file target.cif (mmCIF, N, CA and C atoms)
data_work
#
loop_
_atom_site.group_PDB
_atom_site.id
_atom_site.type_symbol
_atom_site.label_atom_id
_atom_site.label_comp_id
_atom_site.auth_asym_id
_atom_site.auth_seq_id
_atom_site.Cartn_x
_atom_site.Cartn_y
_atom_site.Cartn_z
ATOM 1 N N MET A 27 -21.303 32.217 21.672
ATOM 2 C CA MET A 27 -20.215 32.347 20.716
ATOM 3 C C MET A 27 -18.928 31.849 21.366
ATOM 4 N N ALA A 28 -18.189 31.016 20.657
ATOM 5 C CA ALA A 28 -16.937 30.489 21.193
ATOM 6 C C ALA A 28 -15.850 31.561 21.126
ATOM 7 N N ASN A 29 -15.064 31.618 22.183
ATOM 8 C CA ASN A 29 -13.909 32.503 22.152
ATOM 9 C C ASN A 29 -12.702 31.731 22.652
ATOM 10 N N GLU A 30 -11.546 32.297 22.516
ATOM 11 C CA GLU A 30 -10.310 31.596 22.840
ATOM 12 C C GLU A 30 -10.259 31.158 24.308
ATOM 13 N N GLU A 31 -10.823 31.943 25.199
ATOM 14 C CA GLU A 31 -10.822 31.586 26.622
ATOM 15 C C GLU A 31 -11.614 30.303 26.876
ATOM 16 N N ASN A 32 -12.685 30.109 26.146
ATOM 17 C CA ASN A 32 -13.500 28.908 26.311
ATOM 18 C C ASN A 32 -12.881 27.685 25.637
ATOM 19 N N ILE A 33 -12.159 27.896 24.557
ATOM 20 C CA ILE A 33 -11.597 26.796 23.782
ATOM 21 C C ILE A 33 -10.287 26.293 24.381
ATOM 22 N N LYS A 34 -9.437 27.170 24.828
ATOM 23 C CA LYS A 34 -8.088 26.844 25.278
ATOM 24 C C LYS A 34 -8.042 25.689 26.297
ATOM 25 N N PRO A 35 -8.873 25.678 27.355
ATOM 26 C CA PRO A 35 -8.775 24.586 28.338
ATOM 27 C C PRO A 35 -9.128 23.210 27.768
ATOM 28 N N HIS A 36 -9.825 23.162 26.633
ATOM 29 C CA HIS A 36 -10.276 21.892 26.067
ATOM 30 C C HIS A 36 -9.400 21.393 24.919
ATOM 31 N N GLN A 37 -8.391 22.161 24.553
ATOM 32 C CA GLN A 37 -7.494 21.735 23.479
ATOM 33 C C GLN A 37 -6.534 20.672 24.009
ATOM 34 N N PHE A 38 -6.071 19.803 23.093
ATOM 35 C CA PHE A 38 -5.089 18.796 23.486
ATOM 36 C C PHE A 38 -3.777 19.474 23.811
ATOM 37 N N LYS A 39 -3.135 18.990 24.837
ATOM 38 C CA LYS A 39 -1.819 19.496 25.223
ATOM 39 C C LYS A 39 -0.772 18.843 24.314
ATOM 40 N N PRO A 40 0.393 19.462 24.142
ATOM 41 C CA PRO A 40 1.438 18.845 23.323
ATOM 42 C C PRO A 40 1.765 17.439 23.836
ATOM 43 N N GLY A 41 1.775 16.478 22.907
ATOM 44 C CA GLY A 41 2.071 15.094 23.268
ATOM 45 C C GLY A 41 0.863 14.316 23.750
ATOM 46 N N GLN A 42 -0.290 14.946 23.859
ATOM 47 C CA GLN A 42 -1.495 14.282 24.329
ATOM 48 C C GLN A 42 -2.318 13.840 23.117
ATOM 49 N N SER A 43 -2.775 12.596 23.123
ATOM 50 C CA SER A 43 -3.553 12.066 22.019
ATOM 51 C C SER A 43 -5.036 12.239 22.283
ATOM 52 N N GLY A 44 -5.790 12.459 21.231
ATOM 53 C CA GLY A 44 -7.237 12.518 21.349
ATOM 54 C C GLY A 44 -7.860 11.133 21.357
ATOM 55 N N ASN A 45 -7.063 10.124 21.025
ATOM 56 C CA ASN A 45 -7.539 8.744 21.002
ATOM 57 C C ASN A 45 -6.426 7.844 21.519
ATOM 58 N N PRO A 46 -6.157 7.872 22.829
ATOM 59 C CA PRO A 46 -4.992 7.172 23.369
ATOM 60 C C PRO A 46 -5.006 5.657 23.174
ATOM 61 N N LYS A 47 -6.162 5.039 23.111
ATOM 62 C CA LYS A 47 -6.221 3.580 22.932
ATOM 63 C C LYS A 47 -6.184 3.191 21.464
ATOM 64 N N GLY A 48 -6.345 4.139 20.581
ATOM 65 C CA GLY A 48 -6.329 3.854 19.154
ATOM 66 C C GLY A 48 -7.608 3.191 18.697
ATOM 67 N N ARG A 49 -7.619 2.776 17.449
ATOM 68 C CA ARG A 49 -8.785 2.111 16.884
ATOM 69 C C ARG A 49 -8.927 0.723 17.493
ATOM 70 N N PRO A 50 -10.132 0.304 17.825
ATOM 71 C CA PRO A 50 -10.312 -1.041 18.382
ATOM 72 C C PRO A 50 -9.854 -2.105 17.397
ATOM 73 N N LYS A 51 -9.224 -3.133 17.890
ATOM 74 C CA LYS A 51 -8.717 -4.216 17.042
ATOM 75 C C LYS A 51 -9.847 -5.164 16.646
ATOM 76 N N GLY A 52 -9.739 -5.707 15.452
ATOM 77 C CA GLY A 52 -10.588 -6.805 15.044
ATOM 78 C C GLY A 52 -12.002 -6.479 14.622
ATOM 79 N N ARG A 53 -12.371 -5.255 14.415
ATOM 80 C CA ARG A 53 -13.721 -4.957 13.968
ATOM 81 C C ARG A 53 -13.726 -4.110 12.702
ATOM 82 N N GLY A 54 -12.667 -4.179 11.951
ATOM 83 C CA GLY A 54 -12.635 -3.457 10.685
ATOM 84 C C GLY A 54 -13.454 -4.191 9.630
ATOM 85 N N LEU A 55 -13.601 -3.579 8.481
ATOM 86 C CA LEU A 55 -14.390 -4.146 7.401
ATOM 87 C C LEU A 55 -13.885 -5.526 6.987
ATOM 88 N N THR A 56 -12.584 -5.688 6.871
ATOM 89 C CA THR A 56 -12.027 -6.971 6.455
ATOM 90 C C THR A 56 -12.349 -8.060 7.463
ATOM 91 N N ASP A 57 -12.211 -7.762 8.752
ATOM 92 C CA ASP A 57 -12.523 -8.759 9.776
ATOM 93 C C ASP A 57 -13.995 -9.143 9.744
ATOM 94 N N ARG A 58 -14.853 -8.170 9.559
ATOM 95 C CA ARG A 58 -16.286 -8.457 9.510
ATOM 96 C C ARG A 58 -16.641 -9.255 8.260
ATOM 97 N N LEU A 59 -15.995 -8.940 7.131
ATOM 98 C CA LEU A 59 -16.228 -9.697 5.904
ATOM 99 C C LEU A 59 -15.797 -11.147 6.082
ATOM 100 N N ARG A 60 -14.633 -11.370 6.664
ATOM 101 C CA ARG A 60 -14.169 -12.740 6.920
ATOM 102 C C ARG A 60 -15.142 -13.490 7.824
ATOM 103 N N GLU A 61 -15.619 -12.805 8.854
ATOM 104 C CA GLU A 61 -16.555 -13.401 9.804
ATOM 105 C C GLU A 61 -17.825 -13.872 9.096
ATOM 106 N N VAL A 62 -18.371 -13.028 8.240
ATOM 107 C CA VAL A 62 -19.590 -13.378 7.514
ATOM 108 C C VAL A 62 -19.329 -14.536 6.553
ATOM 109 N N LEU A 63 -18.193 -14.527 5.869
ATOM 110 C CA LEU A 63 -17.887 -15.569 4.895
ATOM 111 C C LEU A 63 -17.643 -16.928 5.548
ATOM 112 N N GLU A 64 -17.227 -16.948 6.808
ATOM 113 C CA GLU A 64 -16.935 -18.200 7.497
ATOM 114 C C GLU A 64 -18.151 -18.808 8.199
ATOM 115 N N LYS A 65 -19.251 -18.051 8.320
ATOM 116 C CA LYS A 65 -20.458 -18.558 8.990
ATOM 117 C C LYS A 65 -21.094 -19.687 8.188
ATOM 118 N N ASP A 66 -21.833 -20.537 8.872
ATOM 119 C CA ASP A 66 -22.636 -21.599 8.247
ATOM 120 C C ASP A 66 -21.812 -22.452 7.291
ATOM 121 N N ASN A 67 -20.647 -22.878 7.736
ATOM 122 C CA ASN A 67 -19.759 -23.713 6.914
ATOM 123 C C ASN A 67 -19.450 -23.089 5.564
ATOM 124 N N GLY A 68 -19.373 -21.771 5.510
ATOM 125 C CA GLY A 68 -18.968 -21.083 4.292
ATOM 126 C C GLY A 68 -20.065 -20.913 3.257
ATOM 127 N N LYS A 69 -21.340 -21.018 3.676
ATOM 128 C CA LYS A 69 -22.432 -20.855 2.710
ATOM 129 C C LYS A 69 -22.410 -19.466 2.064
ATOM 130 N N ALA A 70 -22.131 -18.440 2.869
ATOM 131 C CA ALA A 70 -22.068 -17.084 2.314
ATOM 132 C C ALA A 70 -20.921 -16.973 1.308
ATOM 133 N N ALA A 71 -19.796 -17.620 1.626
ATOM 134 C CA ALA A 71 -18.653 -17.601 0.706
ATOM 135 C C ALA A 71 -19.016 -18.294 -0.598
ATOM 136 N N ASP A 72 -19.752 -19.418 -0.498
ATOM 137 C CA ASP A 72 -20.182 -20.125 -1.710
ATOM 138 C C ASP A 72 -21.083 -19.245 -2.566
ATOM 139 N N GLU A 73 -22.011 -18.534 -1.934
ATOM 140 C CA GLU A 73 -22.905 -17.636 -2.670
ATOM 141 C C GLU A 73 -22.118 -16.490 -3.317
ATOM 142 N N LEU A 74 -21.146 -15.974 -2.579
ATOM 143 C CA LEU A 74 -20.309 -14.899 -3.096
ATOM 144 C C LEU A 74 -19.522 -15.372 -4.314
ATOM 145 N N ILE A 75 -19.003 -16.578 -4.232
ATOM 146 C CA ILE A 75 -18.236 -17.145 -5.351
ATOM 147 C C ILE A 75 -19.135 -17.355 -6.564
ATOM 148 N N LYS A 76 -20.346 -17.847 -6.337
ATOM 149 C CA LYS A 76 -21.283 -18.036 -7.455
ATOM 150 C C LYS A 76 -21.582 -16.710 -8.147
ATOM 151 N N THR A 77 -21.824 -15.687 -7.338
ATOM 152 C CA THR A 77 -22.109 -14.360 -7.900
ATOM 153 C C THR A 77 -20.894 -13.833 -8.656
ATOM 154 N N ALA A 78 -19.726 -13.986 -8.066
ATOM 155 C CA ALA A 78 -18.499 -13.513 -8.713
ATOM 156 C C ALA A 78 -18.256 -14.250 -10.028
ATOM 157 N N MET A 79 -18.496 -15.546 -10.035
ATOM 158 C CA MET A 79 -18.305 -16.328 -11.258
ATOM 159 C C MET A 79 -19.288 -15.871 -12.343
ATOM 160 N N ARG A 80 -20.537 -15.623 -11.958
ATOM 161 C CA ARG A 80 -21.543 -15.164 -12.925
ATOM 162 C C ARG A 80 -21.120 -13.825 -13.526
ATOM 163 N N GLU A 81 -20.645 -12.916 -12.674
ATOM 164 C CA GLU A 81 -20.207 -11.602 -13.152
ATOM 165 C C GLU A 81 -18.964 -11.725 -14.036
ATOM 166 N N ALA A 82 -18.035 -12.597 -13.647
ATOM 167 C CA ALA A 82 -16.806 -12.775 -14.422
ATOM 168 C C ALA A 82 -17.123 -13.350 -15.805
ATOM 169 N N LYS A 83 -18.049 -14.309 -15.852
ATOM 170 C CA LYS A 83 -18.437 -14.890 -17.143
ATOM 171 C C LYS A 83 -19.067 -13.835 -18.049
ATOM 172 N N ALA A 84 -19.709 -12.840 -17.432
ATOM 173 C CA ALA A 84 -20.301 -11.748 -18.200
ATOM 174 C C ALA A 84 -19.263 -10.689 -18.555
ATOM 175 N N GLY A 85 -18.012 -10.879 -18.103
ATOM 176 C CA GLY A 85 -16.933 -9.959 -18.454
ATOM 177 C C GLY A 85 -16.598 -8.934 -17.391
ATOM 178 N N ASP A 86 -17.210 -9.012 -16.219
ATOM 179 C CA ASP A 86 -16.952 -8.032 -15.159
ATOM 180 C C ASP A 86 -16.106 -8.669 -14.061
ATOM 181 N N PHE A 87 -14.828 -8.301 -14.011
ATOM 182 C CA PHE A 87 -13.902 -8.869 -13.026
ATOM 183 C C PHE A 87 -13.675 -7.950 -11.835
ATOM 184 N N ARG A 88 -14.299 -6.768 -11.841
ATOM 185 C CA ARG A 88 -14.103 -5.820 -10.736
ATOM 186 C C ARG A 88 -14.510 -6.430 -9.405
ATOM 187 N N PHE A 89 -15.524 -7.269 -9.430
ATOM 188 C CA PHE A 89 -16.013 -7.922 -8.229
ATOM 189 C C PHE A 89 -14.889 -8.740 -7.579
ATOM 190 N N TRP A 90 -14.183 -9.513 -8.397
ATOM 191 C CA TRP A 90 -13.068 -10.319 -7.886
ATOM 192 C C TRP A 90 -11.973 -9.428 -7.312
ATOM 193 N N ASN A 91 -11.644 -8.372 -8.033
ATOM 194 C CA ASN A 91 -10.592 -7.466 -7.552
ATOM 195 C C ASN A 91 -10.926 -6.909 -6.184
ATOM 196 N N ALA A 92 -12.153 -6.467 -5.995
ATOM 197 C CA ALA A 92 -12.556 -5.896 -4.708
ATOM 198 C C ALA A 92 -12.451 -6.925 -3.588
ATOM 199 N N ILE A 93 -12.895 -8.146 -3.857
ATOM 200 C CA ILE A 93 -12.850 -9.195 -2.825
ATOM 201 C C ILE A 93 -11.411 -9.539 -2.475
ATOM 202 N N PHE A 94 -10.610 -9.839 -3.469
ATOM 203 C CA PHE A 94 -9.235 -10.261 -3.192
ATOM 204 C C PHE A 94 -8.378 -9.142 -2.631
ATOM 205 N N ASP A 95 -8.581 -7.918 -3.105
ATOM 206 C CA ASP A 95 -7.825 -6.798 -2.541
ATOM 207 C C ASP A 95 -8.139 -6.638 -1.063
ATOM 208 N N ARG A 96 -9.391 -6.852 -0.687
ATOM 209 C CA ARG A 96 -9.802 -6.695 0.702
ATOM 210 C C ARG A 96 -9.301 -7.857 1.569
ATOM 211 N N LEU A 97 -9.395 -9.085 1.062
ATOM 212 C CA LEU A 97 -9.054 -10.254 1.889
ATOM 213 C C LEU A 97 -7.578 -10.645 1.831
ATOM 214 N N GLU A 98 -6.965 -10.509 0.673
ATOM 215 C CA GLU A 98 -5.591 -10.969 0.504
ATOM 216 C C GLU A 98 -4.586 -9.829 0.451
ATOM 217 N N GLY A 99 -5.055 -8.618 0.268
ATOM 218 C CA GLY A 99 -4.154 -7.482 0.111
ATOM 219 C C GLY A 99 -3.862 -7.247 -1.358
ATOM 220 N N LYS A 100 -3.651 -5.993 -1.713
ATOM 221 C CA LYS A 100 -3.376 -5.665 -3.113
ATOM 222 C C LYS A 100 -2.001 -6.172 -3.516
ATOM 223 N N VAL A 101 -1.906 -6.596 -4.756
ATOM 224 C CA VAL A 101 -0.631 -7.016 -5.318
ATOM 225 C C VAL A 101 0.187 -5.758 -5.591
ATOM 226 N N ALA A 102 1.452 -5.793 -5.213
ATOM 227 C CA ALA A 102 2.315 -4.627 -5.410
ATOM 228 C C ALA A 102 2.484 -4.336 -6.893
ATOM 229 N N ASP A 103 2.408 -3.070 -7.257
ATOM 230 C CA ASP A 103 2.633 -2.661 -8.634
ATOM 231 C C ASP A 103 4.121 -2.756 -8.953
ATOM 232 N N ARG A 104 4.405 -3.185 -10.164
ATOM 233 C CA ARG A 104 5.803 -3.212 -10.596
ATOM 234 C C ARG A 104 6.105 -1.915 -11.312
ATOM 235 N N ILE A 105 7.157 -1.275 -10.896
ATOM 236 C CA ILE A 105 7.548 0.001 -11.492
ATOM 237 C C ILE A 105 8.942 -0.147 -12.080
ATOM 238 N N GLN A 106 9.078 0.211 -13.334
ATOM 239 C CA GLN A 106 10.374 0.117 -13.996
ATOM 240 C C GLN A 106 11.212 1.327 -13.622
ATOM 241 N N HIS A 107 12.415 1.069 -13.120
ATOM 242 C CA HIS A 107 13.321 2.141 -12.717
ATOM 243 C C HIS A 107 14.507 2.245 -13.663
ATOM 244 N N SER A 108 14.297 1.878 -14.906
ATOM 245 C CA SER A 108 15.370 1.980 -15.885
ATOM 246 C C SER A 108 14.775 2.432 -17.205
ATOM 247 N N GLY A 109 15.641 2.859 -18.089
ATOM 248 C CA GLY A 109 15.200 3.312 -19.397
ATOM 249 C C GLY A 109 14.982 2.149 -20.343
ATOM 250 N N ASP A 110 14.785 2.473 -21.603
ATOM 251 C CA ASP A 110 14.585 1.441 -22.614
ATOM 252 C C ASP A 110 15.778 0.492 -22.656
ATOM 253 N N GLY A 111 15.498 -0.789 -22.768
ATOM 254 C CA GLY A 111 16.553 -1.790 -22.850
ATOM 255 C C GLY A 111 17.320 -1.970 -21.551
ATOM 256 N N GLY A 112 16.802 -1.478 -20.459
ATOM 257 C CA GLY A 112 17.467 -1.636 -19.169
ATOM 258 C C GLY A 112 18.539 -0.599 -18.893
ATOM 259 N N GLY A 113 18.707 0.346 -19.810
ATOM 260 C CA GLY A 113 19.718 1.384 -19.629
ATOM 261 C C GLY A 113 19.263 2.463 -18.658
ATOM 262 N N PRO A 114 20.063 3.516 -18.545
ATOM 263 C CA PRO A 114 19.704 4.591 -17.620
ATOM 264 C C PRO A 114 18.480 5.369 -18.108
ATOM 265 N N VAL A 115 17.813 5.972 -17.188
ATOM 266 C CA VAL A 115 16.653 6.790 -17.512
ATOM 267 C C VAL A 115 17.135 8.109 -18.104
ATOM 268 N N GLN A 116 16.551 8.492 -19.235
ATOM 269 C CA GLN A 116 16.920 9.749 -19.867
ATOM 270 C C GLN A 116 16.001 10.840 -19.348
ATOM 271 N N VAL A 117 16.586 11.939 -18.907
ATOM 272 C CA VAL A 117 15.818 13.062 -18.394
ATOM 273 C C VAL A 117 16.052 14.249 -19.310
ATOM 274 N N ASN A 118 14.974 14.797 -19.828
ATOM 275 C CA ASN A 118 15.054 15.981 -20.670
ATOM 276 C C ASN A 118 14.571 17.174 -19.862
ATOM 277 N N ILE A 119 15.393 18.171 -19.745
ATOM 278 C CA ILE A 119 15.019 19.375 -19.011
ATOM 279 C C ILE A 119 14.521 20.397 -20.016
ATOM 280 N N ILE A 120 13.315 20.848 -19.779
ATOM 281 C CA ILE A 120 12.714 21.833 -20.668
ATOM 282 C C ILE A 120 12.706 23.160 -19.935
ATOM 283 N N ARG A 121 13.309 24.149 -20.561
ATOM 284 C CA ARG A 121 13.378 25.460 -19.934
ATOM 285 C C ARG A 121 12.135 26.244 -20.310
ATOM 286 N N GLY A 122 11.495 26.805 -19.320
ATOM 287 C CA GLY A 122 10.267 27.523 -19.587
ATOM 288 C C GLY A 122 10.177 28.765 -18.741
ATOM 289 N N VAL A 123 8.992 29.228 -18.551
ATOM 290 C CA VAL A 123 8.731 30.438 -17.782
ATOM 291 C C VAL A 123 8.738 30.085 -16.303
ATOM 292 N N ASP A 124 9.474 30.848 -15.523
ATOM 293 C CA ASP A 124 9.499 30.672 -14.073
ATOM 294 C C ASP A 124 8.436 31.587 -13.478
ATOM 295 N N PRO A 125 7.351 31.029 -12.937
ATOM 296 C CA PRO A 125 6.265 31.872 -12.431
ATOM 297 C C PRO A 125 6.673 32.706 -11.228
ATOM 298 N N ARG A 126 7.815 32.365 -10.597
ATOM 299 C CA ARG A 126 8.266 33.143 -9.435
ATOM 300 C C ARG A 126 8.957 34.429 -9.844
ATOM 301 N N LYS A 127 9.423 34.466 -11.085
ATOM 302 C CA LYS A 127 10.131 35.664 -11.560
ATOM 303 C C LYS A 127 9.130 36.607 -12.220
ATOM 304 N N LYS A 128 9.246 37.866 -11.892
ATOM 305 C CA LYS A 128 8.398 38.868 -12.519
ATOM 306 C C LYS A 128 9.213 39.566 -13.590
ATOM 307 N N GLY A 129 8.535 39.849 -14.687
ATOM 308 C CA GLY A 129 9.229 40.568 -15.737
ATOM 309 C C GLY A 129 9.597 39.648 -16.870
ATOM 310 N N ASP A 130 10.800 39.831 -17.423
ATOM 311 C CA ASP A 130 11.234 39.123 -18.616
ATOM 312 C C ASP A 130 11.650 37.692 -18.287
ATOM 313 N N ASN A 131 11.062 36.710 -18.968
ATOM 314 C CA ASN A 131 11.431 35.303 -18.836
ATOM 315 C C ASN A 131 11.882 34.793 -20.191
ATOM 316 N N ASP A 132 12.994 34.041 -20.201
ATOM 317 C CA ASP A 132 13.416 33.389 -21.441
ATOM 318 C C ASP A 132 12.553 32.146 -21.637
ATOM 319 N N VAL A 133 12.181 31.887 -22.879
ATOM 320 C CA VAL A 133 11.392 30.709 -23.171
ATOM 321 C C VAL A 133 12.123 29.873 -24.183
#
call {"tool": "encode", "arguments": {"input": "target.cif", "output": "structure tokens"}}
result
Amino acid sequence: MANEENIKPHQFKPGQSGNPKGRPKGRGLTDRLREVLEKDNGKAADELIKTAMREAKAGDFRFWNAIFDRLEGKVADRIQHSGDGGGPVQVNIIRGVDPRKKGDNDV
């Protein structure tokens, strides 16, 4: 049975990392995918494109999204920070029950 006396000497000290060298460079999924796609003068890439085109023609574009998101990075989402017509954002405050208060709450 583990007890604090046995665990304490093996805990990380403040400022000490459990993985000081970090993750190894160049062997992530994206790097491995690129490596496979570049082999044999791009034959794997050609096959991947054929499959993606067949799926896209059938109406399934998820395949393309997964490939491009992995290889090229996701396209940043555009978020509107203004109200209708470019004006200020309207904020409506709704008064309700405060769960922190016990007893009578105005609604």
call {"tool": "atom_distance", "arguments": {"input": "target.cif", "atom1": "atom N of Phe94 in chain A", "atom2": "CA of Ala78 in chain A"}}
result
10.2 Å
call {"tool": "residues_around", "arguments": {"input": "target.cif", "residues": "Val62 in chain A", "least_positions_apart": "4", "cutoff": "6 Å", "atoms": "all atoms listed in the file", "output": "mmCIF file with N, CA and C atoms, in the frame of the given file"}}
result
data_model
loop_
_atom_site.group_PDB
_atom_site.id
_atom_site.type_symbol
_atom_site.label_atom_id
_atom_site.label_comp_id
_atom_site.auth_asym_id
_atom_site.auth_seq_id
_atom_site.Cartn_x
_atom_site.Cartn_y
_atom_site.Cartn_z
ATOM 1 N N ARG A 58 -14.853 -8.170 9.559
ATOM 2 C CA ARG A 58 -16.286 -8.457 9.510
ATOM 3 C C ARG A 58 -16.641 -9.255 8.260
ATOM 4 N N ALA A 70 -22.131 -18.440 2.869
ATOM 5 C CA ALA A 70 -22.068 -17.084 2.314
ATOM 6 C C ALA A 70 -20.921 -16.973 1.308
ATOM 7 N N ALA A 71 -19.796 -17.620 1.626
ATOM 8 C CA ALA A 71 -18.653 -17.601 0.706
ATOM 9 C C ALA A 71 -19.016 -18.294 -0.598
#
call {"tool": "atom_distance", "arguments": {"input": "target.cif", "atom1": "CA of Lys65 in chain A", "atom2": "atom C of Asp95 in chain A"}}
result
19.9 Å
call {"tool": "select_by_dssp", "arguments": {"input": "target.cif", "residues": "chain A", "states": "alpha helix (DSSP H)", "output": "MDAnalysis selection string"}}
result
chainID A and resid 30:33 55:64 69:83 88:98
call {"tool": "atom_distance", "arguments": {"input": "target.cif", "atom1": "CA of Leu74 in chain A", "atom2": "atom N of Gly99 in chain A"}}
result
16.8 Å
